[in-house]
2 protein chains.
Amino acid sequence: MPAIKIEPSYSIGEFADLVHLSAPTIRYYESQGLLKARRTTNGRRYFTTADIKWVKFLLHLKGTGMSISDLKQYVTWRAMGDGTIPNRLALLEKTQADFTKKYREVQHHLEILTDKINWYRQKEAGKTAGREPFADYLEKLGHEE
Amino acid sequence: MPAIKIEPSYSIGEFADLVHLSAPTIRYYESQGLLKARRTTNGRRYFTTADIKWVKFLLHLKGTGMSISDLKQYVTWRAMGDGTIPNRLALLEKTQADFTKKYREVQHHLEILTDKINWYRQKEAGKTAGREPFADYLEKLGHEE
DNA sequence: GATTGACTTAAAGTCCACTTTAAGTTGTAA
DNA sequence: TTACAACTTAAAGTGGACTTTAAGTCAATC
């Protein structure tokens, strides 16, 4: 029995598959300072389960609209220790506020799209006698603009 | 009293302001076939209230993720008459399906972001003794990954 | 021991949706 | 009538986030 548990390690190709990114994208992220890869003696990158968790979290942040440079700022602060928690918190709160605003906007776009789809369906079914303009239809639904 | 109501008409600059786009963007959209501008005798574009409605609708579609070329396809079918309603309906339904999927994904990203913000707040308040890893915190909330 | 596939780097290329530039024309106000 | 803002065109430039290319190294299999 080994006294210590051996952490699995992954080549860049394996790692890329695990986080559903391409190997060049991983290298690009590393070049941007979003992650750090360890190296084998002959210079090849390898990654651990902790890296997988980190990248997955990064992708969540990215998914809420943070740019690479926002993420880089976050990472920089993170590396500086707990003293920068207020900075990180402020950055995430701003991201959250911006994203929530956009989220409400696209929700409205989706409502209009859905209205239009239903309007076409009614039109196809001959229920509007093919005549009611979409604007009138929207107004009837209370979805102006 | 005039016998007919005169439709207001807008120069490209006025029109751009009304729909919150730039004049070059309006020209670009026209060049892509997304809208048609009428011209004065000396070649200047002018627009009407119908154009405003159309652009606003276009922007809703765009807001749900339709690309310029998707929109162009839609416009082309629209110009061909009611025979293409099934085509347009299918395009909008696909847009809706794709968008709904993305919408759910970003919703999840937002949840993780919110969890992280709350985790930082607790950490700042000294409530986790500065020790509970974020992964554990997530797990407690049932928000894995 | 030769081939194959995965890795290494730096740099150039791609895509989309605009935006900016350049060079010129036109309409209105002082 | 001269200034100036707003318009016209075609073409080139921008930004972000990768992706692709080129040229080479390394490890494992036949």
# chains A, B, ... in the order shown; residues from 1 in each chain; ligands from 1
call {"tool": "closest_atom_pairs", "arguments": {"of": "chain A", "to": "chain C", "cutoff": "9 Å", "atoms": "only C-alpha atoms (C1' of nucleotides)", "output": "tab-separated table"}}
result
residue	atom	partner	partner_atom	distance
A:Ser11	CA	C:DC7	C1'	9.0
A:Ile12	CA	C:DC7	C1'	8.5
A:Gly13	CA	C:DA6	C1'	8.0
A:Gly43	CA	C:DT8	C1'	7.9
A:Arg44	CA	C:DC7	C1'	6.9
A:Arg45	CA	C:DC7	C1'	8.8
call {"tool": "write_last_selection", "arguments": {"atoms": "N, CA and C atoms", "output": "PDB file, in the first residue's frame"}}
result
ATOM      1  N   SER A  11      -2.237  15.022 -19.547  1.00  0.00           N
ATOM      2  CA  SER A  11      -1.559  15.791 -20.600  1.00  0.00           C
ATOM      3  C   SER A  11      -2.516  16.868 -21.082  1.00  0.00           C
ATOM      4  N   ILE A  12      -2.014  17.795 -21.865  1.00  0.00           N
ATOM      5  CA  ILE A  12      -2.866  18.888 -22.333  1.00  0.00           C
ATOM      6  C   ILE A  12      -4.036  18.377 -23.164  1.00  0.00           C
ATOM      7  N   GLY A  13      -3.798  17.307 -23.927  1.00  0.00           N
ATOM      8  CA  GLY A  13      -4.876  16.748 -24.748  1.00  0.00           C
ATOM      9  C   GLY A  13      -5.969  16.120 -23.896  1.00  0.00           C
ATOM     10  N   GLY A  43       9.597  19.287 -20.317  1.00  0.00           N
ATOM     11  CA  GLY A  43       8.929  20.504 -20.774  1.00  0.00           C
ATOM     12  C   GLY A  43       7.469  20.387 -21.157  1.00  0.00           C
ATOM     13  N   ARG A  44       6.895  19.200 -20.996  1.00  0.00           N
ATOM     14  CA  ARG A  44       5.479  19.070 -21.365  1.00  0.00           C
ATOM     15  C   ARG A  44       4.565  19.462 -20.214  1.00  0.00           C
ATOM     16  N   ARG A  45       3.444  20.112 -20.591  1.00  0.00           N
ATOM     17  CA  ARG A  45       2.480  20.517 -19.562  1.00  0.00           C
ATOM     18  C   ARG A  45       1.743  19.308 -18.984  1.00  0.00           C
TER      19      ARG A  45
END
call {"tool": "interface_residues", "arguments": {"of": "chain A", "to": "chain B", "cutoff": "10 Å", "atoms": "only C-alpha atoms", "output": "ChimeraX atom specification"}}
result
/A:53,56-57,59-65,82,85-86,88-93,95-96,99-100,102-103,105-114,116-121,123-124,130,135,145
call {"tool": "interface_residues", "arguments": {"of": "chain A", "to": "chain D", "cutoff": "10 Å", "atoms": "only C-alpha atoms (C1' of nucleotides)", "output": "ChimeraX atom specification"}}
result
/A:22,24-25,28-29,42,44,67-68
call {"tool": "write_last_selection", "arguments": {"atoms": "N, CA and C atoms", "output": "tab-separated table (two decimals), in the first residue's frame"}}
result
chain	number	residue	atom	x	y	z
A	22	SER	N	-10.24	23.07	-26.57
A	22	SER	CA	-9.18	22.52	-27.41
A	22	SER	C	-7.83	22.77	-26.73
A	24	PRO	N	-5.13	24.10	-28.05
A	24	PRO	CA	-4.68	25.47	-28.28
A	24	PRO	C	-5.39	26.49	-27.37
A	25	THR	N	-6.65	26.25	-27.07
A	25	THR	CA	-7.37	27.16	-26.19
A	25	THR	C	-6.79	27.14	-24.78
A	28	TYR	N	-3.71	29.06	-24.94
A	28	TYR	CA	-4.08	30.48	-25.01
A	28	TYR	C	-4.46	31.01	-23.63
A	29	TYR	N	-5.26	30.27	-22.90
A	29	TYR	CA	-5.65	30.70	-21.54
A	29	TYR	C	-4.43	30.82	-20.64
A	42	ASN	N	10.80	17.10	-19.21
A	42	ASN	CA	11.12	17.43	-20.61
A	42	ASN	C	10.23	18.55	-21.19
A	44	ARG	N	6.90	19.20	-21.00
A	44	ARG	CA	5.48	19.07	-21.36
A	44	ARG	C	4.56	19.46	-20.21
A	67	SER	N	-14.95	39.02	-19.59
A	67	SER	CA	-13.99	38.91	-20.68
A	67	SER	C	-12.71	38.27	-20.15
A	68	ILE	N	-11.83	37.91	-21.07
A	68	ILE	CA	-10.55	37.36	-20.68
A	68	ILE	C	-9.80	38.33	-19.76
call {"tool": "select_by_dssp", "arguments": {"residues": "chain B", "states": "strand (DSSP E or B)", "output": "list in words"}}
result
Tyr10, Arg38, Arg39, Arg45, Tyr46 and Phe47 of chain B
call {"tool": "write_last_selection", "arguments": {"atoms": "all heavy atoms", "output": "CSV table (one decimal), in the first residue's frame"}}
result
chain,number,residue,atom,x,y,z
B,10,TYR,N,-37.8,60.5,-42.0
B,10,TYR,CA,-36.6,60.8,-41.2
B,10,TYR,C,-35.3,60.6,-42.0
B,10,TYR,O,-35.2,59.6,-42.8
B,10,TYR,CB,-36.5,59.8,-40.0
B,10,TYR,CG,-37.8,59.8,-39.2
B,10,TYR,CD1,-38.7,58.8,-39.3
B,10,TYR,CD2,-38.0,60.9,-38.3
B,10,TYR,CE1,-39.9,58.8,-38.6
B,10,TYR,CE2,-39.2,60.9,-37.5
B,10,TYR,CZ,-40.1,59.9,-37.7
B,10,TYR,OH,-41.3,59.9,-36.9
B,38,ARG,N,-35.8,54.3,-48.7
B,38,ARG,CA,-36.2,55.1,-49.9
B,38,ARG,C,-35.2,56.2,-50.1
B,38,ARG,O,-34.4,56.5,-49.2
B,38,ARG,CB,-37.6,55.7,-49.7
B,38,ARG,CG,-38.7,55.0,-50.4
B,38,ARG,CD,-39.7,54.4,-49.5
B,38,ARG,NE,-39.1,53.4,-48.6
B,38,ARG,CZ,-39.5,53.3,-47.3
B,38,ARG,NH1,-40.4,54.0,-46.8
B,38,ARG,NH2,-38.9,52.3,-46.6
B,39,ARG,N,-35.2,56.9,-51.2
B,39,ARG,CA,-34.3,58.0,-51.5
B,39,ARG,C,-35.0,59.2,-51.9
B,39,ARG,O,-36.0,59.1,-52.7
B,39,ARG,CB,-33.3,57.5,-52.6
B,39,ARG,CG,-32.5,56.3,-52.4
B,39,ARG,CD,-31.4,56.6,-51.4
B,39,ARG,NE,-30.6,55.4,-51.2
B,39,ARG,CZ,-29.2,55.4,-51.1
B,39,ARG,NH1,-28.6,56.5,-51.1
B,39,ARG,NH2,-28.6,54.3,-50.9
B,45,ARG,N,-31.0,59.0,-48.3
B,45,ARG,CA,-31.9,58.1,-47.7
B,45,ARG,C,-33.0,58.8,-46.8
B,45,ARG,O,-32.7,59.7,-46.2
B,45,ARG,CB,-31.2,57.1,-46.8
B,45,ARG,CG,-30.3,56.1,-47.6
B,45,ARG,CD,-29.5,55.3,-46.5
B,45,ARG,NE,-28.6,54.4,-47.2
B,45,ARG,CZ,-27.4,54.7,-47.6
B,45,ARG,NH1,-27.0,56.0,-47.5
B,45,ARG,NH2,-26.6,53.8,-48.1
B,46,TYR,N,-34.2,58.2,-46.8
B,46,TYR,CA,-35.1,58.6,-45.8
B,46,TYR,C,-36.0,57.4,-45.4
B,46,TYR,O,-36.1,56.4,-46.1
B,46,TYR,CB,-36.0,59.8,-46.3
B,46,TYR,CG,-37.0,59.5,-47.3
B,46,TYR,CD1,-38.3,59.1,-47.0
B,46,TYR,CD2,-36.7,59.6,-48.7
B,46,TYR,CE1,-39.2,58.8,-48.0
B,46,TYR,CE2,-37.6,59.3,-49.7
B,46,TYR,CZ,-38.9,58.9,-49.3
B,46,TYR,OH,-39.8,58.6,-50.3
B,47,PHE,N,-36.4,57.5,-44.1
B,47,PHE,CA,-37.1,56.4,-43.5
B,47,PHE,C,-38.5,56.8,-42.9
B,47,PHE,O,-38.7,58.0,-42.7
B,47,PHE,CB,-36.2,55.8,-42.4
B,47,PHE,CG,-34.9,55.4,-42.8
B,47,PHE,CD1,-33.8,56.3,-42.9
B,47,PHE,CD2,-34.7,54.1,-43.2
B,47,PHE,CE1,-32.6,55.9,-43.4
B,47,PHE,CE2,-33.4,53.7,-43.6
B,47,PHE,CZ,-32.4,54.6,-43.7
call {"tool": "atom_distance", "arguments": {"atom1": "atom CA of Thr48 of chain B", "atom2": "atom CA of Gln73 of chain B"}}
result
23.1 Å
call {"tool": "atom_distance", "arguments": {"atom1": "atom CA of Leu21 of chain A", "atom2": "atom CA of Val55 of chain A"}}
result
9.8 Å
call {"tool": "closest_residue", "arguments": {"among": "B:Met66, B:Leu18, B:Ala79, B:Ile6", "to": "Lys36 of chain B", "atoms": "only C-alpha atoms"}}
result
B:Ala79
call {"tool": "select_by_dssp", "arguments": {"residues": "chain B", "states": "helix (DSSP H, G or I)", "output": "JSON, numbers by chain"}}
result
{"B": [12, 13, 14, 15, 16, 17, 18, 19, 23, 24, 25, 26, 27, 28, 29, 30, 31, 49, 50, 51, 52, 53, 54, 55, 56, 57, 58, 59, 60, 61, 62, 63, 68, 69, 70, 71, 72, 73, 74, 75, 76, 77, 78, 79, 82, 83, 84, 85, 86, 87, 88, 89, 90, 91, 92, 93, 94, 95, 96, 97, 98, 99, 100, 101, 102, 103, 104, 105, 106, 107, 108, 109, 110, 111, 112, 113, 114, 115, 116, 117, 118, 119, 120, 121, 122, 123, 124, 134, 135, 136, 137, 138, 139, 140, 141]}
call {"tool": "atom_distance", "arguments": {"atom1": "atom CA of Phe15 of chain A", "atom2": "atom CA of Ile52 of chain A"}}
result
7.5 Å
